[in-house]
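Here's run.cif, which has mmCIF, C-alpha atoms:
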```
data_coords
#
loop_
_atom_site.label_atom_id
_atom_site.label_comp_id
_atom_site.auth_asym_id
_atom_site.auth_seq_id
_atom_site.Cartn_x
_atom_site.Cartn_y
_atom_site.Cartn_z
CA MET A 1 41.61 24.09 -88.36
CA LYS A 2 42.69 25.63 -85.06
CA PHE A 3 40.20 25.38 -82.19
CA PHE A 4 40.59 28.68 -80.31
CA PRO A 5 40.73 30.96 -83.38
CA LEU A 6 37.31 29.55 -84.28
CA ILE A 7 35.97 30.46 -80.82
CA TRP A 8 37.53 33.92 -80.99
CA THR A 9 35.97 34.56 -84.41
CA SER A 10 32.58 33.39 -83.20
CA LEU A 11 32.65 35.68 -80.18
CA PHE A 12 33.41 38.75 -82.27
CA ARG A 13 30.87 37.95 -84.96
CA ARG A 14 28.37 40.11 -83.04
CA LYS A 15 30.60 42.37 -80.97
CA VAL A 16 27.83 44.46 -79.40
CA ARG A 17 25.81 41.40 -78.40
CA THR A 18 28.85 39.72 -76.85
CA LEU A 19 29.80 42.92 -75.03
CA PHE A 20 26.37 43.37 -73.47
CA THR A 21 26.22 39.71 -72.45
CA ILE A 22 29.58 40.06 -70.71
CA LEU A 23 28.46 43.31 -69.04
CA SER A 24 25.31 41.63 -67.70
CA ILE A 25 27.47 38.90 -66.15
CA VAL A 26 29.82 41.55 -64.72
CA VAL A 27 26.89 43.27 -62.98
CA ALA A 28 25.60 39.95 -61.64
CA PHE A 29 28.89 39.05 -59.96
CA VAL A 30 29.54 42.56 -58.66
CA LEU A 31 26.16 42.24 -56.95
CA PHE A 32 26.99 38.74 -55.71
CA ASN A 33 30.20 39.77 -53.96
CA TYR A 34 28.90 43.08 -52.65
CA LEU A 35 25.73 41.55 -51.23
CA SER A 36 27.86 38.82 -49.64
CA ALA A 37 29.81 41.54 -47.82
CA VAL A 38 26.55 43.20 -46.78
CA ARG A 39 25.28 39.88 -45.41
CA VAL A 40 28.47 39.48 -43.35
CA ALA A 41 28.10 43.03 -42.03
CA PHE A 42 24.51 42.52 -40.89
CA SER A 43 25.23 39.12 -39.36
CA MET A 44 27.50 41.09 -36.97
CA GLY A 45 30.16 38.47 -36.53
CA VAL A 46 27.95 35.37 -36.26
CA ASP A 47 30.57 33.32 -38.11
CA VAL A 48 33.34 34.31 -35.70
CA ALA A 49 31.35 34.08 -32.46
CA GLY A 50 33.10 31.88 -29.91
CA SER A 51 31.79 28.33 -29.68
CA ASP A 52 32.83 28.16 -26.02
CA ARG A 53 31.06 31.37 -24.99
CA LEU A 54 27.55 31.78 -23.60
CA THR A 55 25.48 34.94 -23.22
CA LEU A 56 23.15 35.38 -20.24
CA ILE A 57 20.45 38.05 -20.33
CA HIS A 58 17.30 38.88 -18.37
CA LYS A 59 14.51 36.47 -19.27
CA VAL A 60 12.05 39.29 -19.98
CA SER A 61 14.17 41.51 -22.20
CA PHE A 62 17.71 42.28 -23.22
CA ILE A 63 17.35 45.82 -21.85
CA GLN A 64 16.47 44.65 -18.32
CA LEU A 65 19.39 44.81 -15.88
CA LEU A 66 20.72 41.98 -13.73
CA PRO A 67 22.37 42.02 -10.28
CA ALA A 68 26.16 42.17 -10.28
CA SER A 69 26.08 39.55 -7.51
CA TYR A 70 25.08 36.88 -10.06
CA LYS A 71 28.71 36.54 -11.16
CA GLU A 72 29.81 34.35 -8.24
CA ARG A 73 26.70 32.19 -8.49
CA ILE A 74 27.31 31.59 -12.18
CA LEU A 75 30.95 30.68 -11.53
CA ALA A 76 29.74 28.02 -9.10
CA VAL A 77 27.96 26.12 -11.89
CA GLU A 78 29.87 23.04 -13.00
CA GLY A 79 31.48 23.48 -16.41
CA VAL A 80 31.83 27.28 -16.19
CA ASP A 81 35.43 28.46 -16.58
CA ALA A 82 35.10 32.25 -16.52
CA VAL A 83 32.44 34.95 -16.22
CA THR A 84 32.42 38.63 -17.02
CA HIS A 85 29.71 41.18 -17.77
CA ALA A 86 28.94 44.14 -19.99
CA THR A 87 26.41 46.96 -19.95
CA TRP A 88 25.07 48.99 -22.86
CA PHE A 89 25.85 52.69 -22.42
CA GLY A 90 24.14 54.38 -25.37
CA GLY A 91 25.90 57.76 -25.24
CA VAL A 92 26.06 60.35 -28.02
CA TYR A 93 29.33 61.64 -29.45
CA GLN A 94 28.91 65.15 -30.94
CA ASP A 95 25.85 64.17 -33.01
CA PRO A 96 23.16 61.47 -32.55
CA ARG A 97 24.03 60.17 -36.05
CA ASN A 98 27.52 59.22 -34.82
CA PHE A 99 26.34 55.86 -33.56
CA PHE A 100 28.77 53.23 -32.28
CA PRO A 101 28.50 50.49 -29.61
CA GLN A 102 29.67 51.54 -26.14
CA PHE A 103 30.00 49.01 -23.34
CA ALA A 104 30.85 49.32 -19.67
CA VAL A 105 32.90 46.22 -18.90
CA ASP A 106 35.20 44.57 -16.40
CA PRO A 107 38.47 45.22 -18.32
CA GLU A 108 40.47 42.14 -17.33
CA GLY A 109 37.56 39.74 -17.56
CA TYR A 110 36.37 41.10 -20.90
CA LEU A 111 39.79 40.92 -22.56
CA ASP A 112 40.27 37.43 -21.17
CA LEU A 113 37.00 36.25 -22.72
CA TYR A 114 37.74 37.97 -26.05
CA PRO A 115 41.34 37.09 -26.97
CA GLU A 116 40.57 38.13 -30.57
CA PHE A 117 40.75 41.74 -29.32
CA LEU A 118 44.47 42.44 -29.62
CA LEU A 119 45.66 45.13 -27.21
CA SER A 120 49.29 45.83 -26.40
CA SER A 121 50.46 45.16 -22.84
CA GLU A 122 51.33 48.86 -22.40
CA ALA A 123 47.84 49.92 -23.45
CA LYS A 124 46.28 47.29 -21.21
CA ASP A 125 48.28 48.51 -18.21
CA ARG A 126 47.25 52.12 -18.91
CA TRP A 127 43.62 51.12 -19.12
CA LEU A 128 43.65 49.03 -15.96
CA GLY A 129 45.19 51.92 -14.05
CA ASN A 130 42.81 54.62 -15.29
CA ARG A 131 39.24 54.49 -13.97
CA THR A 132 37.98 56.91 -16.64
CA GLY A 133 40.00 55.31 -19.42
CA ALA A 134 38.65 53.57 -22.51
CA VAL A 135 39.91 51.38 -25.32
CA VAL A 136 38.45 51.56 -28.82
CA GLY A 137 38.57 49.37 -31.91
CA ARG A 138 40.77 50.28 -34.86
CA SER A 139 37.79 50.89 -37.18
CA LEU A 140 36.19 53.25 -34.69
CA ALA A 141 39.44 55.12 -34.07
CA ASP A 142 40.00 55.56 -37.82
CA ARG A 143 36.42 56.71 -38.31
CA PHE A 144 36.80 59.68 -35.95
CA GLY A 145 40.56 60.18 -36.14
CA TRP A 146 41.07 59.32 -32.48
CA GLU A 147 44.49 58.67 -31.00
CA VAL A 148 45.77 57.43 -27.66
CA GLY A 149 45.51 60.22 -25.08
CA ASP A 150 42.49 61.95 -26.64
CA ARG A 151 39.70 63.06 -24.30
CA ILE A 152 36.31 61.89 -25.53
CA PRO A 153 33.08 63.35 -24.11
CA LEU A 154 29.88 61.30 -24.44
CA GLN A 155 26.46 62.68 -23.75
CA GLY A 156 24.52 60.23 -21.59
CA THR A 157 21.06 59.26 -22.83
CA ILE A 158 20.38 56.29 -20.55
CA TRP A 159 23.02 56.70 -17.88
CA ARG A 160 23.58 60.11 -16.34
CA THR A 161 26.05 61.29 -13.76
CA ARG A 162 24.97 62.83 -10.49
CA SER A 163 26.33 66.18 -11.70
CA GLY A 164 25.09 66.21 -15.30
CA ASP A 165 24.79 64.35 -18.59
CA THR A 166 28.37 64.46 -19.85
CA TRP A 167 30.77 61.57 -19.33
CA GLU A 168 34.45 62.09 -20.18
CA PHE A 169 36.89 59.35 -21.12
CA THR A 170 40.58 59.15 -22.04
CA ILE A 171 41.58 56.78 -24.82
CA ASP A 172 44.20 54.47 -23.30
CA GLY A 173 44.55 52.07 -26.22
CA ILE A 174 43.34 50.99 -29.64
CA TYR A 175 42.71 47.30 -30.15
CA GLU A 176 43.08 45.38 -33.42
CA GLY A 177 41.16 42.34 -34.63
CA ALA A 178 42.90 38.96 -34.68
CA GLU A 179 40.95 37.92 -37.79
CA GLN A 180 38.55 39.22 -40.40
CA GLY A 181 35.12 39.62 -38.91
CA THR A 182 36.36 40.70 -35.47
CA ASP A 183 34.31 43.69 -34.36
CA THR A 184 36.66 46.69 -34.12
CA THR A 185 33.91 49.31 -33.76
CA GLN A 186 33.48 49.04 -29.98
CA PHE A 187 34.10 51.63 -27.28
CA LEU A 188 34.95 49.88 -23.98
CA PHE A 189 35.31 51.51 -20.58
CA HIS A 190 35.36 50.58 -16.89
CA ASN A 191 32.10 49.36 -15.42
CA ALA A 192 33.44 50.64 -12.08
CA TYR A 193 33.32 54.20 -13.46
CA LEU A 194 29.70 53.74 -14.57
CA ASP A 195 28.76 52.10 -11.28
CA GLU A 196 30.25 54.86 -9.13
CA ALA A 197 29.17 57.91 -11.10
CA ASN A 198 25.70 57.09 -12.43
CA ALA A 199 22.59 58.59 -10.83
CA LEU A 200 20.45 55.44 -11.11
CA GLY A 201 22.11 53.35 -8.43
CA ARG A 202 24.78 50.67 -8.20
CA GLY A 203 25.17 46.94 -8.39
CA MET A 204 23.45 46.23 -11.71
CA VAL A 205 24.85 45.10 -15.07
CA GLY A 206 23.44 44.53 -18.53
CA TRP A 207 24.33 40.90 -19.34
CA TYR A 208 26.85 38.20 -18.53
CA LEU A 209 29.40 36.54 -20.81
CA ILE A 210 30.43 33.03 -19.86
CA ARG A 211 33.21 30.71 -21.05
CA VAL A 212 32.54 26.99 -20.66
CA SER A 213 35.03 24.13 -20.43
CA HIS A 214 33.37 21.96 -23.06
CA PRO A 215 31.40 23.63 -25.90
CA ASP A 216 29.51 20.38 -26.55
CA GLN A 217 27.93 20.76 -23.09
CA ALA A 218 26.82 24.35 -23.69
CA VAL A 219 23.09 23.51 -23.72
CA ALA A 220 23.25 21.55 -20.47
CA ILE A 221 25.27 24.29 -18.75
CA SER A 222 22.85 26.96 -20.01
CA THR A 223 19.93 25.02 -18.55
CA ALA A 224 21.73 24.58 -15.22
CA ILE A 225 22.43 28.31 -14.98
CA ASP A 226 18.86 29.32 -15.78
CA GLU A 227 17.49 26.81 -13.27
CA ARG A 228 19.67 28.40 -10.60
CA PHE A 229 17.85 31.73 -11.05
CA ALA A 230 14.36 30.35 -11.73
CA ASN A 231 11.52 31.96 -9.72
CA SER A 232 13.84 34.79 -8.63
CA PRO A 233 13.07 38.50 -9.21
CA PHE A 234 15.66 38.41 -12.01
CA GLU A 235 15.14 35.23 -14.03
CA THR A 236 17.63 34.59 -16.81
CA LYS A 237 17.88 33.25 -20.34
CA THR A 238 21.21 31.74 -21.40
CA SER A 239 22.24 30.74 -24.93
CA THR A 240 25.40 30.26 -26.94
CA GLU A 241 26.99 33.47 -28.14
CA GLN A 242 26.44 32.46 -31.76
CA ALA A 243 22.72 31.89 -31.18
CA PHE A 244 22.45 35.19 -29.33
CA VAL A 245 24.20 37.17 -32.05
CA GLN A 246 22.13 35.46 -34.74
CA ALA A 247 18.89 36.29 -32.92
CA PHE A 248 20.02 39.89 -32.46
CA ALA A 249 20.83 40.21 -36.18
CA SER A 250 17.52 38.60 -37.16
CA GLN A 251 15.61 41.44 -35.48
CA ILE A 252 16.15 43.47 -38.65
CA GLY A 253 15.13 40.55 -40.87
CA ASP A 254 16.63 37.40 -42.32
CA ILE A 255 19.41 39.07 -44.29
CA GLY A 256 20.70 35.75 -45.59
CA ALA A 257 17.31 34.81 -47.07
CA MET A 258 16.88 38.23 -48.66
CA MET A 259 20.34 38.15 -50.21
CA THR A 260 19.75 34.62 -51.52
CA ALA A 261 16.43 35.62 -53.08
CA ILE A 262 17.94 38.66 -54.82
CA LEU A 263 20.96 36.76 -56.12
CA THR A 264 18.87 33.82 -57.31
CA ALA A 265 16.66 36.15 -59.33
CA VAL A 266 19.66 37.99 -60.81
CA LEU A 267 21.63 34.85 -61.70
CA PHE A 268 18.57 33.12 -63.19
CA THR A 269 17.93 36.15 -65.39
CA ILE A 270 21.56 36.24 -66.51
CA LEU A 271 21.40 32.49 -67.24
CA LEU A 272 18.43 33.07 -69.56
CA VAL A 273 20.21 35.97 -71.26
CA SER A 274 23.40 33.95 -71.78
CA ALA A 275 21.55 30.85 -73.00
CA ASN A 276 19.56 32.95 -75.47
CA THR A 277 22.78 34.57 -76.72
CA MET A 278 24.47 31.21 -77.26
CA GLY A 279 21.39 29.74 -78.88
CA GLN A 280 21.16 32.63 -81.29
CA SER A 281 24.87 32.34 -82.04
CA VAL A 282 24.52 28.63 -82.89
CA ARG A 283 21.50 29.29 -85.13
CA GLU A 284 23.43 31.97 -87.02
CA ARG A 285 26.31 29.52 -87.61
CA THR A 286 24.25 26.57 -88.85
CA SER A 287 26.00 26.39 -92.20
CA GLU A 288 29.46 26.85 -90.64
CA LEU A 289 28.85 24.02 -88.18
CA ALA A 290 27.71 21.82 -91.07
CA VAL A 291 30.91 22.60 -92.94
CA LEU A 292 32.99 21.82 -89.82
CA LYS A 293 31.26 18.45 -89.52
CA THR A 294 31.93 17.82 -93.19
CA LEU A 295 35.62 18.55 -92.59
CA GLY A 296 35.74 15.92 -89.87
CA PHE A 297 34.71 17.68 -86.62
CA THR A 298 33.18 15.01 -84.38
CA ASN A 299 30.07 15.63 -82.27
CA PRO A 300 32.10 15.88 -79.01
CA ARG A 301 34.38 18.43 -80.69
CA VAL A 302 31.42 20.51 -81.89
CA LEU A 303 29.90 20.36 -78.39
CA SER A 304 33.24 21.42 -76.90
CA LEU A 305 33.39 24.35 -79.33
CA VAL A 306 30.05 25.70 -78.10
CA LEU A 307 30.70 25.01 -74.41
CA VAL A 308 34.16 26.60 -74.41
CA GLU A 309 32.72 29.68 -76.11
CA SER A 310 30.00 29.89 -73.47
CA LEU A 311 32.50 29.31 -70.65
CA LEU A 312 34.82 31.97 -72.01
CA VAL A 313 32.03 34.58 -71.94
CA ALA A 314 31.10 33.57 -68.37
CA VAL A 315 34.69 33.51 -67.11
CA VAL A 316 35.55 36.90 -68.62
CA GLY A 317 32.36 38.53 -67.32
CA GLY A 318 32.49 36.82 -63.93
CA GLY A 319 36.21 37.52 -63.50
CA ILE A 320 35.77 41.21 -64.24
CA GLY A 321 32.76 41.31 -61.91
CA LEU A 322 34.66 39.73 -59.03
CA GLY A 323 37.61 42.03 -59.65
CA LEU A 324 35.45 45.18 -59.64
CA SER A 325 33.60 44.07 -56.51
CA TRP A 326 36.94 43.40 -54.78
CA LEU A 327 38.03 46.95 -55.58
CA LEU A 328 34.77 48.34 -54.20
CA ILE A 329 34.85 46.23 -51.03
CA SER A 330 38.53 46.97 -50.42
CA GLN A 331 37.59 50.64 -50.01
CA GLY A 332 36.12 49.62 -46.68
CA ASP A 333 32.82 50.10 -44.91
CA PRO A 334 30.59 52.28 -47.16
CA THR A 335 28.81 53.67 -44.08
CA GLY A 336 32.04 55.17 -42.75
CA GLY A 337 32.48 52.83 -39.79
CA LEU A 338 28.98 51.80 -38.69
CA LEU A 339 29.34 48.19 -39.82
CA PRO A 340 31.31 45.83 -37.54
CA ALA A 341 32.61 43.83 -40.52
CA PHE A 342 32.65 44.34 -44.28
CA PHE A 343 34.41 41.66 -46.33
CA VAL A 344 33.70 38.63 -48.50
CA PRO A 345 34.38 35.29 -46.76
CA PRO A 346 36.60 32.82 -48.69
CA ARG A 347 33.65 30.41 -48.79
CA ASP A 348 31.58 32.93 -50.77
CA LEU A 349 34.46 33.51 -53.20
CA VAL A 350 34.64 29.77 -53.87
CA ILE A 351 30.87 29.73 -54.44
CA ALA A 352 31.20 32.66 -56.85
CA VAL A 353 33.84 30.85 -58.91
CA GLY A 354 31.67 27.74 -58.96
CA LEU A 355 28.69 29.80 -60.15
CA ILE A 356 30.76 31.28 -62.97
CA PHE A 357 31.55 27.82 -64.33
CA PHE A 358 27.97 26.65 -63.73
CA LEU A 359 26.65 29.65 -65.64
CA GLY A 360 29.02 28.99 -68.53
CA ILE A 361 28.13 25.31 -68.82
CA ALA A 362 24.39 25.72 -68.18
CA SER A 363 24.01 28.49 -70.76
CA GLY A 364 25.95 26.53 -73.40
CA ILE A 365 24.70 22.99 -72.92
CA LEU A 366 21.37 23.30 -74.78
CA PRO A 367 22.83 25.21 -77.76
CA GLY A 368 25.66 22.65 -77.77
CA ILE A 369 23.22 19.73 -77.93
CA GLN A 370 21.40 21.57 -80.68
CA ALA A 371 24.67 21.83 -82.63
CA VAL A 372 25.44 18.13 -82.08
CA ARG A 373 22.03 17.08 -83.43
CA LEU A 374 22.48 19.19 -86.54
CA GLN A 375 22.31 17.12 -89.72
CA ILE A 376 24.78 18.22 -92.41
CA VAL A 377 22.36 17.97 -95.31
CA ASP A 378 19.53 19.71 -93.49
CA ALA A 379 21.85 22.47 -92.31
CA LEU A 380 23.24 23.16 -95.78
CA ARG A 381 19.75 23.11 -97.28
CA ARG A 382 18.52 25.52 -94.60
CA SER A 383 21.37 27.94 -95.30
#
```
Could you show the structure in this file as structure tokens?
Amino acid sequence: MKFFPLIWTSLFRRKVRTLFTILSIVVAFVLFNYLSAVRVAFSMGVDVAGSDRLTLIHKVSFIQLLPASYKERILAVEGVDAVTHATWFGGVYQDPRNFFPQFAVDPEGYLDLYPEFLLSSEAKDRWLGNRTGAVVGRSLADRFGWEVGDRIPLQGTIWRTRSGDTWEFTIDGIYEGAEQGTDTTQFLFHNAYLDEANALGRGMVGWYLIRVSHPDQAVAISTAIDERFANSPFETKTSTEQAFVQAFASQIGDIGAMMTAILTAVLFTILLVSANTMGQSVRERTSELAVLKTLGFTNPRVLSLVLVESLLVAVVGGGIGLGLSWLLISQGDPTGGLLPAFFVPPRDLVIAVGLIFFLGIASGILPGIQAVRLQIVDALRRS
């Protein structure tokens, strides 16, 4: 007798039951992929943070400012290659709900430290020559339909000009991301413009970004920098960029742990459903399995019959689930541009495929053993 026709017949013995089992697996893997993308979005680029970059903030709080004069003192620390700074602006564009990150930066230094921000040489030259110019990420530009040359007014909430609350910028360029996960939601403008026009005074910046020569010495360099400013009016706290981003993301909760808990519960439930379905299928086919054994089917062949059937259900359901989730995620950020990244990392896709095969084998192994242990005489008598 042919092997796969037997499996096909078994699957369609109870069409509704098989359909609902497959649908439950579809839902599980749609959730798996979508929640993986959500986890990436809320980690805000932790996985792509530079290993050779440090972040220096005020020791008391991230919102406390630091003197601009610290730059030269940081550069003097052994192992430091480059230093730049950024300052949170916090302006409002048209409506307070139109949130996006806005940073006052040193243009050349910032682009040098973030080579993953791809900006054409023409756009860079325009920006460097325009004190009130700005560059924006592709995601942000697409979100609001901005183009190069547009005038963008931002209402100051923290920083205000000496003549009012409105700051005006000209978009000089739109930068792209060099890889998935690069944050293309930022609005960057000259710190010199902020420093000259704001009503709060000059000579202060938000935080420093540092590139080190040897990433494996990052901890030692961080300690040396912080010791340099110890017992000063503006003490500092330096950490790797990855640690800083992770800590910032963790302020809204451990997204990774929450996603893992949800997915574990969902997949465990689906495993029970699938195992129950396969077990019930084997029990219904007791007499058929006895006949197959009588015709010469060995125990390994009977076990393979059950496992392949279970795997087929898992692969079909999981494959459809991954396909549907890919279609959903490919539509882009569901918030319309608020998330800095929204995609499924290749690592998570590999895990998903592994889980599909694990689900298929785990849900079929016990019913398969049950079928192997079936005695021909007892099975025929029971039927």
Considering all atoms listed in the file, can you say which of A:Leu140, A:Ala275, A:Ala86, A:Leu312 comes closest to Lys71 of chain A?
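Counting all atoms listed in the file, the residue closest to Lys71 of chain A is A:Ala86.
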Counting all atoms listed in the file, closest pick from A:Leu349, A:Asp142, A:Thr277, A:Arg126 relative to Gly323 of chain A is A:Leu349
Near Val83 of chain A, counting only C-alpha atoms, which residues have an atom at most 12 Å away, once you skip same-chain residues fewer than 2 positions from it, shown as number ranges by chain?
A: 52-56, 68-77, 79-81, 85-86, 105-106, 108-114, 207-213
Just to confirm, what's the straight-line distance from atom CA of Glu235 of chain A to atom CA of Ala82 of chain A in Å (one decimal)?
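Atom CA of Ala82 of chain A lies at a distance of 20.3 Å from atom CA of Glu235 of chain A.
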As a check of understanding: the span from atom CA of Thr87 of chain A to atom CA of Leu65 of chain A is 8.4 Å
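If you measure from each of A:Trp88, A:Phe29, A:Tyr175, A:Phe234 to Glu122 of chain A using all atoms listed in the file, the closest one turns out to be A:Tyr175.
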Reconstruct N, CA and C atoms of segment 357-372 of chain A; output as a PDB file, in the coordinates of the input.
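Saved result, rebuild37.pdb, follows:
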```pdb
ATOM      1  N   PHE A 357      31.429  28.998 -63.465  1.00  0.00           N
ATOM      2  CA  PHE A 357      31.550  27.820 -64.330  1.00  0.00           C
ATOM      3  C   PHE A 357      30.177  27.172 -64.574  1.00  0.00           C
ATOM      4  N   PHE A 358      29.325  27.179 -63.546  1.00  0.00           N
ATOM      5  CA  PHE A 358      27.970  26.650 -63.730  1.00  0.00           C
ATOM      6  C   PHE A 358      27.215  27.457 -64.773  1.00  0.00           C
ATOM      7  N   LEU A 359      27.326  28.783 -64.681  1.00  0.00           N
ATOM      8  CA  LEU A 359      26.650  29.650 -65.640  1.00  0.00           C
ATOM      9  C   LEU A 359      27.137  29.386 -67.054  1.00  0.00           C
ATOM     10  N   GLY A 360      28.464  29.241 -67.203  1.00  0.00           N
ATOM     11  CA  GLY A 360      29.020  28.990 -68.530  1.00  0.00           C
ATOM     12  C   GLY A 360      28.541  27.681 -69.130  1.00  0.00           C
ATOM     13  N   ILE A 361      28.542  26.622 -68.315  1.00  0.00           N
ATOM     14  CA  ILE A 361      28.130  25.310 -68.820  1.00  0.00           C
ATOM     15  C   ILE A 361      26.619  25.258 -69.049  1.00  0.00           C
ATOM     16  N   ALA A 362      25.842  25.783 -68.075  1.00  0.00           N
ATOM     17  CA  ALA A 362      24.390  25.720 -68.180  1.00  0.00           C
ATOM     18  C   ALA A 362      23.855  26.521 -69.368  1.00  0.00           C
ATOM     19  N   SER A 363      24.488  27.672 -69.645  1.00  0.00           N
ATOM     20  CA  SER A 363      24.010  28.490 -70.760  1.00  0.00           C
ATOM     21  C   SER A 363      24.453  27.945 -72.114  1.00  0.00           C
ATOM     22  N   GLY A 364      25.460  27.056 -72.126  1.00  0.00           N
ATOM     23  CA  GLY A 364      25.950  26.530 -73.400  1.00  0.00           C
ATOM     24  C   GLY A 364      25.523  25.120 -73.713  1.00  0.00           C
ATOM     25  N   ILE A 365      24.971  24.407 -72.711  1.00  0.00           N
ATOM     26  CA  ILE A 365      24.700  22.990 -72.920  1.00  0.00           C
ATOM     27  C   ILE A 365      23.583  22.749 -73.930  1.00  0.00           C
ATOM     28  N   LEU A 366      22.478  23.508 -73.828  1.00  0.00           N
ATOM     29  CA  LEU A 366      21.370  23.300 -74.780  1.00  0.00           C
ATOM     30  C   LEU A 366      21.744  23.703 -76.200  1.00  0.00           C
ATOM     31  N   PRO A 367      22.355  24.890 -76.401  1.00  0.00           N
ATOM     32  CA  PRO A 367      22.830  25.210 -77.760  1.00  0.00           C
ATOM     33  C   PRO A 367      23.845  24.191 -78.263  1.00  0.00           C
ATOM     34  N   GLY A 368      24.679  23.651 -77.362  1.00  0.00           N
ATOM     35  CA  GLY A 368      25.660  22.650 -77.770  1.00  0.00           C
ATOM     36  C   GLY A 368      24.998  21.375 -78.239  1.00  0.00           C
ATOM     37  N   ILE A 369      23.967  20.931 -77.511  1.00  0.00           N
ATOM     38  CA  ILE A 369      23.220  19.730 -77.930  1.00  0.00           C
ATOM     39  C   ILE A 369      22.533  19.979 -79.269  1.00  0.00           C
ATOM     40  N   GLN A 370      22.024  21.203 -79.406  1.00  0.00           N
ATOM     41  CA  GLN A 370      21.400  21.570 -80.680  1.00  0.00           C
ATOM     42  C   GLN A 370      22.399  21.463 -81.831  1.00  0.00           C
ATOM     43  N   ALA A 371      23.636  21.901 -81.584  1.00  0.00           N
ATOM     44  CA  ALA A 371      24.670  21.830 -82.630  1.00  0.00           C
ATOM     45  C   ALA A 371      25.054  20.386 -82.927  1.00  0.00           C
ATOM     46  N   VAL A 372      25.087  19.543 -81.890  1.00  0.00           N
ATOM     47  CA  VAL A 372      25.440  18.130 -82.080  1.00  0.00           C
ATOM     48  C   VAL A 372      24.395  17.417 -82.934  1.00  0.00           C
TER      49      VAL A 372
END
```
